[in-house]
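As stored in input.pdb (PDB, C-alpha atoms (C1' of nucleotides)):
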ATOM      1  CA  MET F 147     -14.289  -8.599 -11.898
ATOM      2  CA  LYS F 148     -10.603  -7.953 -11.291
ATOM      3  CA  ILE F 149      -9.694  -5.709  -8.353
ATOM      4  CA  ALA F 150      -6.130  -4.531  -7.804
ATOM      5  CA  SER F 151      -4.032  -2.525  -5.394
ATOM      6  CA  TRP F 152      -0.815  -0.711  -6.226
ATOM      7  CA  ASN F 153       1.374   1.605  -4.204
ATOM      8  CA  VAL F 154       2.745   3.731  -7.059
ATOM      9  CA  ASN F 155       5.146   5.862  -4.963
ATOM     10  CA  SER F 156       4.346   9.129  -6.765
ATOM     11  CA  LEU F 157       1.641   9.051  -9.419
ATOM     12  CA  ASN F 158       3.362  11.985 -11.092
ATOM     13  CA  VAL F 159       6.390   9.802 -11.820
ATOM     14  CA  ARG F 160       4.485   6.541 -12.307
ATOM     15  CA  LEU F 161       1.560   7.626 -14.529
ATOM     16  CA  PRO F 162       3.121   6.018 -17.651
ATOM     17  CA  HIS F 163       3.641   2.748 -15.746
ATOM     18  CA  LEU F 164       0.085   2.888 -14.443
ATOM     19  CA  GLN F 165      -1.333   3.472 -17.920
ATOM     20  CA  GLN F 166       0.755   0.639 -19.360
ATOM     21  CA  TRP F 167      -0.290  -1.743 -16.623
ATOM     22  CA  LEU F 168      -3.993  -0.773 -16.802
ATOM     23  CA  SER F 169      -4.072  -1.547 -20.508
ATOM     24  CA  GLN F 170      -2.287  -4.897 -20.248
ATOM     25  CA  ALA F 171      -3.785  -6.204 -16.967
ATOM     26  CA  ALA F 172      -7.314  -4.889 -17.651
ATOM     27  CA  PRO F 173      -8.544  -4.605 -14.058
ATOM     28  CA  ASP F 174     -12.025  -3.264 -13.275
ATOM     29  CA  ILE F 175     -11.208  -1.474 -10.018
ATOM     30  CA  VAL F 176      -7.786  -0.228  -8.850
ATOM     31  CA  ALA F 177      -6.787   1.151  -5.451
ATOM     32  CA  LEU F 178      -3.713   3.397  -5.541
ATOM     33  CA  GLN F 179      -1.534   4.486  -2.629
ATOM     34  CA  GLU F 180       1.237   7.064  -2.232
ATOM     35  CA  THR F 181      -0.004   9.220  -5.079
ATOM     36  CA  LYS F 182       1.791  12.191  -3.423
ATOM     37  CA  LEU F 183      -0.433  14.631  -5.326
ATOM     38  CA  GLU F 184      -2.761  17.355  -4.171
ATOM     39  CA  ASP F 185      -6.264  16.871  -5.580
ATOM     40  CA  GLU F 186      -5.870  19.774  -8.068
ATOM     41  CA  ARG F 187      -2.957  17.923  -9.637
ATOM     42  CA  PHE F 188      -4.567  14.473  -9.882
ATOM     43  CA  PRO F 189      -4.442  13.297 -13.528
ATOM     44  CA  ASP F 190      -8.153  12.486 -13.732
ATOM     45  CA  ASP F 191      -8.430  13.865 -17.290
ATOM     46  CA  ALA F 192      -5.651  11.635 -18.607
ATOM     47  CA  LEU F 193      -7.219   8.621 -16.905
ATOM     48  CA  ALA F 194     -10.722   9.540 -18.111
ATOM     49  CA  ALA F 195      -9.384   9.557 -21.677
ATOM     50  CA  ALA F 196      -8.603   5.864 -21.176
ATOM     51  CA  GLY F 197     -12.057   5.196 -19.742
ATOM     52  CA  TRP F 198     -11.328   5.414 -16.010
ATOM     53  CA  ARG F 199     -13.370   7.159 -13.354
ATOM     54  CA  SER F 200     -11.328   8.453 -10.422
ATOM     55  CA  VAL F 201     -11.996   9.412  -6.840
ATOM     56  CA  PHE F 202      -9.031  10.587  -4.814
ATOM     57  CA  SER F 203      -7.741  12.241  -1.675
ATOM     58  CA  GLY F 204      -4.180  13.485  -1.704
ATOM     59  CA  GLN F 205      -1.600  15.852  -0.339
ATOM     60  CA  LYS F 206       1.803  17.148  -1.336
ATOM     61  CA  THR F 207       4.916  14.975  -0.883
ATOM     62  CA  TYR F 208       3.415  12.224   1.302
ATOM     63  CA  ASN F 209       0.544   9.727   1.295
ATOM     64  CA  GLY F 210      -2.417  10.141  -1.068
ATOM     65  CA  VAL F 211      -4.951   7.491  -2.135
ATOM     66  CA  ALA F 212      -7.304   6.974  -5.070
ATOM     67  CA  ILE F 213      -9.814   4.508  -6.468
ATOM     68  CA  LEU F 214     -10.051   4.043 -10.240
ATOM     69  CA  SER F 215     -13.027   2.210 -11.701
ATOM     70  CA  ARG F 216     -14.652   1.521 -15.046
ATOM     71  CA  GLU F 217     -18.060   2.057 -13.474
ATOM     72  CA  ALA F 218     -18.731   5.289 -11.560
ATOM     73  CA  ALA F 219     -18.116   5.212  -7.799
ATOM     74  CA  SER F 220     -20.600   6.586  -5.265
ATOM     75  CA  ASP F 221     -20.811   7.258  -1.504
ATOM     76  CA  VAL F 222     -17.180   8.333  -1.303
ATOM     77  CA  GLN F 223     -15.718   8.424   2.205
ATOM     78  CA  ILE F 224     -12.434  10.241   2.866
ATOM     79  CA  GLY F 225     -10.546   9.270   6.008
ATOM     80  CA  ILE F 226     -11.638   7.157   8.967
ATOM     81  CA  PRO F 227     -14.913   8.547  10.379
ATOM     82  CA  GLY F 228     -14.372  10.129  13.787
ATOM     83  CA  PHE F 229     -10.578   9.716  13.632
ATOM     84  CA  GLY F 230      -8.903  13.057  13.114
ATOM     85  CA  ASP F 231      -5.990  12.536  10.741
ATOM     86  CA  GLU F 232      -4.186  15.101   8.583
ATOM     87  CA  GLN F 233      -2.599  12.314   6.574
ATOM     88  CA  LYS F 234      -4.464  11.251   3.442
ATOM     89  CA  ARG F 235      -4.423   7.480   3.832
ATOM     90  CA  VAL F 236      -8.000   6.310   3.400
ATOM     91  CA  ILE F 237     -10.649   6.465   0.709
ATOM     92  CA  ALA F 238     -13.737   4.274   0.412
ATOM     93  CA  ALA F 239     -16.428   4.126  -2.238
ATOM     94  CA  THR F 240     -19.222   1.948  -3.574
ATOM     95  CA  VAL F 241     -18.746   0.510  -7.074
ATOM     96  CA  GLY F 242     -21.655  -1.581  -8.337
ATOM     97  CA  ASP F 243     -22.582  -3.981  -5.534
ATOM     98  CA  LEU F 244     -19.154  -3.766  -3.887
ATOM     99  CA  ARG F 245     -17.954  -1.528  -1.077
ATOM    100  CA  ILE F 246     -14.263  -0.761  -1.625
ATOM    101  CA  VAL F 247     -12.028   0.449   1.212
ATOM    102  CA  ASN F 248      -8.548   1.565   0.130
ATOM    103  CA  LEU F 249      -5.964   1.821   2.931
ATOM    104  CA  TYR F 250      -2.457   3.188   2.994
ATOM    105  CA  VAL F 251      -1.544   1.870   6.421
ATOM    106  CA  VAL F 252       0.955   3.845   8.510
ATOM    107  CA  ASN F 253       4.520   2.538   8.094
ATOM    108  CA  GLY F 254       5.533   2.886  11.750
ATOM    109  CA  GLN F 255       9.235   3.794  11.330
ATOM    110  CA  ASP F 256      10.567   1.576  14.150
ATOM    111  CA  VAL F 257       9.046  -0.506  16.937
ATOM    112  CA  GLY F 258       8.618   1.649  20.021
ATOM    113  CA  THR F 259       8.568   5.023  18.269
ATOM    114  CA  GLU F 260       5.725   7.556  18.298
ATOM    115  CA  LYS F 261       4.993   6.678  14.665
ATOM    116  CA  TYR F 262       4.687   3.007  15.636
ATOM    117  CA  ALA F 263       2.211   3.923  18.395
ATOM    118  CA  TYR F 264       0.278   5.971  15.837
ATOM    119  CA  LYS F 265       0.215   2.949  13.508
ATOM    120  CA  LEU F 266      -1.364   0.770  16.199
ATOM    121  CA  ARG F 267      -3.904   3.478  17.161
ATOM    122  CA  TRP F 268      -4.703   3.968  13.493
ATOM    123  CA  LEU F 269      -5.246   0.225  12.948
ATOM    124  CA  ASP F 270      -7.501   0.136  16.007
ATOM    125  CA  ALA F 271      -9.650   2.926  14.530
ATOM    126  CA  VAL F 272      -9.761   1.108  11.183
ATOM    127  CA  HIS F 273     -10.928  -2.045  12.974
ATOM    128  CA  ASP F 274     -13.858  -0.301  14.639
ATOM    129  CA  TRP F 275     -14.835   1.481  11.426
ATOM    130  CA  LEU F 276     -14.708  -1.726   9.362
ATOM    131  CA  ALA F 277     -16.993  -3.447  11.863
ATOM    132  CA  ASP F 278     -19.587  -0.765  11.018
ATOM    133  CA  GLU F 279     -18.862  -0.948   7.286
ATOM    134  CA  LEU F 280     -19.418  -4.713   7.282
ATOM    135  CA  ARG F 281     -22.826  -4.334   8.888
ATOM    136  CA  GLU F 282     -23.847  -1.804   6.243
ATOM    137  CA  HIS F 283     -22.013  -3.392   3.292
ATOM    138  CA  PRO F 284     -21.672  -7.201   3.480
ATOM    139  CA  ASN F 285     -19.915  -7.202   0.074
ATOM    140  CA  LEU F 286     -16.785  -5.527   1.398
ATOM    141  CA  VAL F 287     -13.297  -5.451  -0.133
ATOM    142  CA  VAL F 288     -10.527  -3.921   1.994
ATOM    143  CA  LEU F 289      -7.278  -3.526   0.100
ATOM    144  CA  GLY F 290      -4.136  -1.507  -0.020
ATOM    145  CA  ASP F 291      -0.620  -1.184   1.297
ATOM    146  CA  PHE F 292      -1.052  -2.718   4.755
ATOM    147  CA  ASN F 293       2.587  -2.279   5.754
ATOM    148  CA  ILE F 294       2.242  -5.624   7.569
ATOM    149  CA  ALA F 295       3.525  -8.992   6.341
ATOM    150  CA  PRO F 296       0.880 -11.460   7.628
ATOM    151  CA  ASP F 297       3.220 -14.358   8.482
ATOM    152  CA  ASP F 298       6.692 -15.765   7.913
ATOM    153  CA  ARG F 299       5.785 -17.077   4.446
ATOM    154  CA  ASP F 300       5.445 -13.427   3.452
ATOM    155  CA  VAL F 301       9.038 -12.375   4.187
ATOM    156  CA  HIS F 302      12.319 -13.336   2.522
ATOM    157  CA  ASP F 303      14.106 -13.833   5.837
ATOM    158  CA  PRO F 304      12.156 -14.327   9.101
ATOM    159  CA  GLU F 305      15.417 -13.990  11.059
ATOM    160  CA  ILE F 306      15.615 -10.329  10.039
ATOM    161  CA  TRP F 307      11.889  -9.697   9.850
ATOM    162  CA  ASN F 308      11.017 -10.683  13.408
ATOM    163  CA  ASP F 309       9.099  -9.344  16.401
ATOM    164  CA  ASP F 310      11.563  -6.449  16.816
ATOM    165  CA  HIS F 311      10.978  -5.169  13.293
ATOM    166  CA  ILE F 312       8.207  -3.005  11.881
ATOM    167  CA  LEU F 313       5.980  -4.742   9.324
ATOM    168  CA  THR F 314       6.407  -8.068  11.171
ATOM    169  CA  SER F 315       6.075  -7.274  14.890
ATOM    170  CA  THR F 316       3.576  -9.304  16.887
ATOM    171  CA  ALA F 317       1.455  -6.252  17.725
ATOM    172  CA  GLU F 318       1.093  -5.374  14.038
ATOM    173  CA  ARG F 319       0.294  -8.956  13.051
ATOM    174  CA  ASP F 320      -2.223  -9.155  15.895
ATOM    175  CA  ALA F 321      -3.892  -5.982  14.594
ATOM    176  CA  LEU F 322      -4.225  -7.661  11.195
ATOM    177  CA  LYS F 323      -5.654 -10.810  12.825
ATOM    178  CA  ARG F 324      -8.278  -8.642  14.523
ATOM    179  CA  LEU F 325      -9.362  -7.488  11.058
ATOM    180  CA  TYR F 326      -9.567 -11.129   9.936
ATOM    181  CA  ALA F 327     -11.720 -11.825  13.011
ATOM    182  CA  LEU F 328     -14.322  -9.369  11.697
ATOM    183  CA  GLY F 329     -14.908 -11.823   8.846
ATOM    184  CA  LEU F 330     -12.285 -10.650   6.351
ATOM    185  CA  HIS F 331     -10.023 -13.039   4.454
ATOM    186  CA  ASP F 332      -6.671 -12.530   2.738
ATOM    187  CA  GLY F 333      -7.687 -13.175  -0.894
ATOM    188  CA  TYR F 334      -4.190 -14.277  -1.863
ATOM    189  CA  ARG F 335      -4.142 -16.978   0.826
ATOM    190  CA  LEU F 336      -7.498 -18.353  -0.341
ATOM    191  CA  HIS F 337      -5.611 -19.565  -3.422
ATOM    192  CA  HIS F 338      -1.921 -19.889  -2.542
ATOM    193  CA  ASP F 339      -0.219 -21.590   0.410
ATOM    194  CA  GLU F 340       3.395 -21.208  -0.616
ATOM    195  CA  GLY F 341       5.806 -18.650   0.772
ATOM    196  CA  GLY F 342       8.318 -16.494  -1.049
ATOM    197  CA  VAL F 343       5.891 -14.421  -3.136
ATOM    198  CA  PHE F 344       6.297 -10.727  -2.475
ATOM    199  CA  SER F 345       4.745  -7.375  -3.406
ATOM    200  CA  TRP F 346       7.424  -4.955  -2.133
ATOM    201  CA  TRP F 347      11.180  -4.890  -2.434
ATOM    202  CA  ASP F 348      13.381  -2.194  -0.896
ATOM    203  CA  TYR F 349      15.115   0.036  -3.423
ATOM    204  CA  ARG F 350      18.284  -0.368  -1.371
ATOM    205  CA  GLN F 351      20.770  -3.246  -1.435
ATOM    206  CA  ALA F 352      19.436  -4.479  -4.791
ATOM    207  CA  GLY F 353      16.374  -5.809  -2.973
ATOM    208  CA  PHE F 354      14.450  -6.788  -6.088
ATOM    209  CA  ARG F 355      17.362  -8.398  -7.952
ATOM    210  CA  ARG F 356      18.012 -10.560  -4.888
ATOM    211  CA  ASP F 357      14.259 -11.083  -4.351
ATOM    212  CA  ARG F 358      14.556  -9.844  -0.780
ATOM    213  CA  GLY F 359      10.919  -8.788  -0.503
ATOM    214  CA  LEU F 360       7.811  -8.807   1.636
ATOM    215  CA  ARG F 361       4.145  -9.369   0.849
ATOM    216  CA  ILE F 362       2.522  -6.324   2.428
ATOM    217  CA  ASP F 363      -0.003  -5.335  -0.273
ATOM    218  CA  LEU F 364      -3.174  -7.234   0.566
ATOM    219  CA  THR F 365      -6.755  -7.610  -0.531
ATOM    220  CA  LEU F 366      -9.205  -8.739   2.152
ATOM    221  CA  VAL F 367     -12.618 -10.025   1.089
ATOM    222  CA  SER F 368     -15.627 -10.320   3.389
ATOM    223  CA  ASP F 369     -17.385 -13.582   4.277
ATOM    224  CA  ALA F 370     -20.085 -12.794   1.710
ATOM    225  CA  LEU F 371     -17.492 -12.509  -1.078
ATOM    226  CA  ARG F 372     -15.249 -15.374  -0.048
ATOM    227  CA  GLY F 373     -16.925 -17.916  -2.305
ATOM    228  CA  ALA F 374     -16.756 -15.522  -5.243
ATOM    229  CA  CYS F 375     -13.006 -15.008  -4.927
ATOM    230  CA  ALA F 376     -11.825 -17.019  -7.930
ATOM    231  CA  GLY F 377      -8.121 -16.189  -7.966
ATOM    232  CA  ALA F 378      -5.382 -13.866  -6.769
ATOM    233  CA  GLY F 379      -1.884 -12.895  -7.752
ATOM    234  CA  ILE F 380       0.907 -10.345  -7.793
ATOM    235  CA  ASP F 381       2.264  -8.876 -11.032
ATOM    236  CA  ARG F 382       6.021  -8.656 -10.686
ATOM    237  CA  GLU F 383       6.525  -7.305 -14.178
ATOM    238  CA  PRO F 384       6.087  -3.555 -13.499
ATOM    239  CA  ARG F 385       8.815  -3.848 -10.838
ATOM    240  CA  THR F 386      11.230  -4.762 -13.682
ATOM    241  CA  TRP F 387      10.421  -1.633 -15.685
ATOM    242  CA  GLU F 388      12.691   1.391 -15.801
ATOM    243  CA  ARG F 389      12.373   3.645 -12.730
ATOM    244  CA  PRO F 390       9.738   1.477 -11.033
ATOM    245  CA  SER F 391       7.661   1.820  -7.898
ATOM    246  CA  ASP F 392       9.091  -0.261  -5.060
ATOM    247  CA  HIS F 393       5.699  -2.082  -4.952
ATOM    248  CA  ALA F 394       4.081  -4.427  -7.471
ATOM    249  CA  PRO F 395       0.338  -4.532  -8.226
ATOM    250  CA  ALA F 396      -1.592  -7.206  -6.282
ATOM    251  CA  TRP F 397      -4.985  -8.373  -7.501
ATOM    252  CA  VAL F 398      -7.944 -10.660  -6.871
ATOM    253  CA  GLU F 399     -10.550 -11.983  -9.258
ATOM    254  CA  LEU F 400     -14.155 -11.928  -8.013
ATOM    255  CA  GLY F 401     -17.082 -13.843  -9.499
TER
ATOM    256  C1'  DA N  64      22.308  -1.979   9.419
ATOM    257  C1'  DT N  65      24.410   4.714  13.229
ATOM    258  C1'  DG N  66      23.877   1.675   6.482
ATOM    259  C1'  DG N  67      21.779   1.642   1.831
ATOM    260  C1'  DT N  68      17.987   4.142  -2.604
ATOM    261  C1'  DA N  69      14.033   6.737  -4.221
ATOM    262  C1'  DG N  70      10.685  10.722  -4.190
ATOM    263  C1'  DA N  71       9.550  15.534  -3.157
ATOM    264  C1'  DG N  72      11.615  19.630  -3.315
ATOM    265  C1'  DA N  73      15.163  22.602  -1.592
ATOM    266  C1'  DG N  74      17.033  21.077   3.880
ATOM    267  C1'  DT N  75      15.674  17.143   5.339
ATOM    268  C1'  DC N  76      11.689  13.913   5.921
ATOM    269  C1'  DT N  77       9.519   9.569   4.877
ATOM    270  C1'  DA N  78       9.569   5.021   3.502
TER
END
Structure rendered as structure tokens:
Amino acid sequence: MKIASWNVNSLNVRLPHLQQWLSQAAPDIVALQETKLEDERFPDDALAAAGWRSVFSGQKTYNGVAILSREAASDVQIGIPGFGDEQKRVIAATVGDLRIVNLYVVNGQDVGTEKYAYKLRWLDAVHDWLADELREHPNLVVLGDFNIAPDDRDVHDPEIWNDDHILTSTAERDALKRLYALGLHDGYRLHHDEGGVFSWWDYRQAGFRRDRGLRIDLTLVSDALRGACAGAGIDREPRTWERPSDHAPAWVELG
DNA sequence: ATGGTAGAGAGTCTA
């Protein structure tokens, strides 16, 4: 069972890349972020023709999340329960015996801004919700664009990406550690200790060519699934394609 | 990095 996450940065633009990658990587479940599509425009017919079921929650221009699966999803949850949020950043569903939570975590703009404060509030609400989800669904997978690089191995230059910078500030990393403390484990780190492997490279300054990236696309597996996590990786190849997303697909293998 | 590029969509906003 291969489960992947990919911030596609506009599904309208990236649908051909997604279709190409789905056919060559053959995942079973895929969490998408930044679809930037209202639900009426989601390409569920095109994906169904290739054998994919889709559940999605989107909006124009910004945000938007979806879960694709070979097997039908059930018990779909849109948004964080009890947390009023206009932004379409969260979708959860049950697929087989797995509960899948797909997150497009708030970026945060800059440390100290209102958007940064919103990011920390948002992560706090996610924490409390996931505590409930874990009680109800021990087989929990939480994945997506976390917009947090867990530690200095996950950034190309820790001098730049320090406590003053979004994606690496102590408060953000502490919020991620609080999720780990619920009994969630970074699937990639269960299998790889080395640094310098990234999932996002800025479009600017030739970030990808110079491999100036961050690992911010994560898959967390619950205690109950930890032993079943058989491998993890990041597919750099789609980032080399013409007109790519700025993110690469990240995946784990379960069972 | 008060910069840079990409996407959406029509002037900026977000990342």
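If you take only C-alpha atoms (C1' of nucleotides) and a cut-off of 6 Å, the residues of chain F that reach chain N are Thr207, Tyr349, Arg350 and Gln351 of chain F.
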With only C-alpha atoms (C1' of nucleotides) as the counted atoms, please give the residues lying no more than 10 Å from Ser315 in chain F, apart from itself and same-chain residues fewer than 4 positions off, as a PyMOL selection string. chain F and resi 256-257+294-297+307-311+319-320
Could the centre and edge lengths of an axis-aligned box, enclosing all atoms of range 321-339 of chain F in the file with 8 Å extra on each side, be given in Å to one decimal as JSON?
{"center_x": -7.6, "center_y": -13.8, "center_z": 5.6, "size_x": 30.7, "size_y": 31.6, "size_z": 34.0}
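The space separating CA of Ile149 in chain F from CA of Thr316 in chain F comes to 28.7 Å.
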Return the single residue from F:Met147, F:Glu305, F:Thr259, F:Phe188 that is closest to Ser215 in chain F, with distances computed using all atoms listed in the file.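 Distance minimum relative to Ser215 in chain F lands on F:Met147.
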Which value, in Å to one decimal, gives the distance between CA of Ala378 in chain F and CA of Leu157 in chain F? 24.1 Å
Please measure the separation of CA of Ala376 in chain F and CA of Pro390 in chain F, giving the value in Å to one decimal. 28.6 Å
Identify all residues satisfying the PyMOL selection byres ((chain F and resi 383-385) around 10) in the given file; provide them as a compact mmCIF listing (two decimals) with C-alpha atoms, in the coordinates of the input.
# COMPACT_ATOMS: atom_id res chain seq x y z
CA HIS F 163 3.64 2.75 -15.75
CA LEU F 164 0.08 2.89 -14.44
CA GLN F 166 0.76 0.64 -19.36
CA TRP F 167 -0.29 -1.74 -16.62
CA SER F 345 4.74 -7.38 -3.41
CA TRP F 346 7.42 -4.96 -2.13
CA TRP F 347 11.18 -4.89 -2.43
CA PHE F 354 14.45 -6.79 -6.09
CA ILE F 380 0.91 -10.34 -7.79
CA ASP F 381 2.26 -8.88 -11.03
CA ARG F 382 6.02 -8.66 -10.69
CA THR F 386 11.23 -4.76 -13.68
CA TRP F 387 10.42 -1.63 -15.68
CA GLU F 388 12.69 1.39 -15.80
CA ARG F 389 12.37 3.64 -12.73
CA PRO F 390 9.74 1.48 -11.03
CA SER F 391 7.66 1.82 -7.90
CA ASP F 392 9.09 -0.26 -5.06
CA HIS F 393 5.70 -2.08 -4.95
CA ALA F 394 4.08 -4.43 -7.47
CA PRO F 395 0.34 -4.53 -8.23
Output check: residues returned by the PyMOL selection byres ((chain F and resi 321-333) around 6), as an MDAnalysis selection string: chainID F and resid 273 318:320 334:336 365:369
Please produce range 181-202 of chain F, completed to N, CA and C atoms, as a compact mmCIF listing (two decimals), in the coordinates of the input.
# COMPACT_ATOMS: atom_id res chain seq x y z
N THR F 181 0.07 8.40 -3.87
CA THR F 181 0.00 9.22 -5.08
C THR F 181 0.83 10.49 -4.93
N LYS F 182 0.96 11.00 -3.70
CA LYS F 182 1.79 12.19 -3.42
C LYS F 182 1.39 13.40 -4.26
N LEU F 183 0.08 13.53 -4.51
CA LEU F 183 -0.43 14.63 -5.33
C LEU F 183 -1.60 15.31 -4.63
N GLU F 184 -1.57 16.63 -4.60
CA GLU F 184 -2.76 17.36 -4.17
C GLU F 184 -3.87 17.12 -5.20
N ASP F 185 -5.13 17.24 -4.72
CA ASP F 185 -6.26 16.87 -5.58
C ASP F 185 -6.30 17.67 -6.88
N GLU F 186 -5.87 18.96 -6.84
CA GLU F 186 -5.87 19.77 -8.07
C GLU F 186 -4.93 19.21 -9.12
N ARG F 187 -3.95 18.45 -8.69
CA ARG F 187 -2.96 17.92 -9.64
C ARG F 187 -3.22 16.47 -10.04
N PHE F 188 -4.29 15.88 -9.54
CA PHE F 188 -4.57 14.47 -9.88
C PHE F 188 -4.89 14.35 -11.37
N PRO F 189 -4.28 13.39 -12.07
CA PRO F 189 -4.44 13.30 -13.53
C PRO F 189 -5.74 12.62 -13.94
N ASP F 190 -6.88 13.15 -13.44
CA ASP F 190 -8.15 12.49 -13.73
C ASP F 190 -8.54 12.62 -15.20
N ASP F 191 -8.12 13.71 -15.85
CA ASP F 191 -8.43 13.86 -17.29
C ASP F 191 -7.71 12.82 -18.13
N ALA F 192 -6.42 12.64 -17.85
CA ALA F 192 -5.65 11.64 -18.61
C ALA F 192 -6.23 10.24 -18.40
N LEU F 193 -6.65 9.95 -17.18
CA LEU F 193 -7.22 8.62 -16.90
C LEU F 193 -8.61 8.48 -17.53
N ALA F 194 -9.39 9.58 -17.50
CA ALA F 194 -10.72 9.54 -18.11
C ALA F 194 -10.63 9.26 -19.62
N ALA F 195 -9.56 9.78 -20.23
CA ALA F 195 -9.38 9.56 -21.68
C ALA F 195 -9.21 8.07 -21.99
N ALA F 196 -8.75 7.31 -20.99
CA ALA F 196 -8.60 5.86 -21.18
C ALA F 196 -9.79 5.10 -20.58
N GLY F 197 -10.83 5.85 -20.20
CA GLY F 197 -12.06 5.20 -19.74
C GLY F 197 -12.14 4.92 -18.25
N TRP F 198 -11.33 5.63 -17.45
CA TRP F 198 -11.33 5.41 -16.01
C TRP F 198 -11.99 6.56 -15.26
N ARG F 199 -12.85 6.20 -14.32
CA ARG F 199 -13.37 7.16 -13.35
C ARG F 199 -12.41 7.17 -12.17
N SER F 200 -12.25 8.33 -11.56
CA SER F 200 -11.33 8.45 -10.42
C SER F 200 -12.00 9.16 -9.25
N VAL F 201 -11.75 8.65 -8.07
CA VAL F 201 -12.00 9.41 -6.84
C VAL F 201 -10.70 9.39 -6.05
N PHE F 202 -10.38 10.49 -5.37
CA PHE F 202 -9.03 10.59 -4.81
C PHE F 202 -9.00 11.55 -3.63
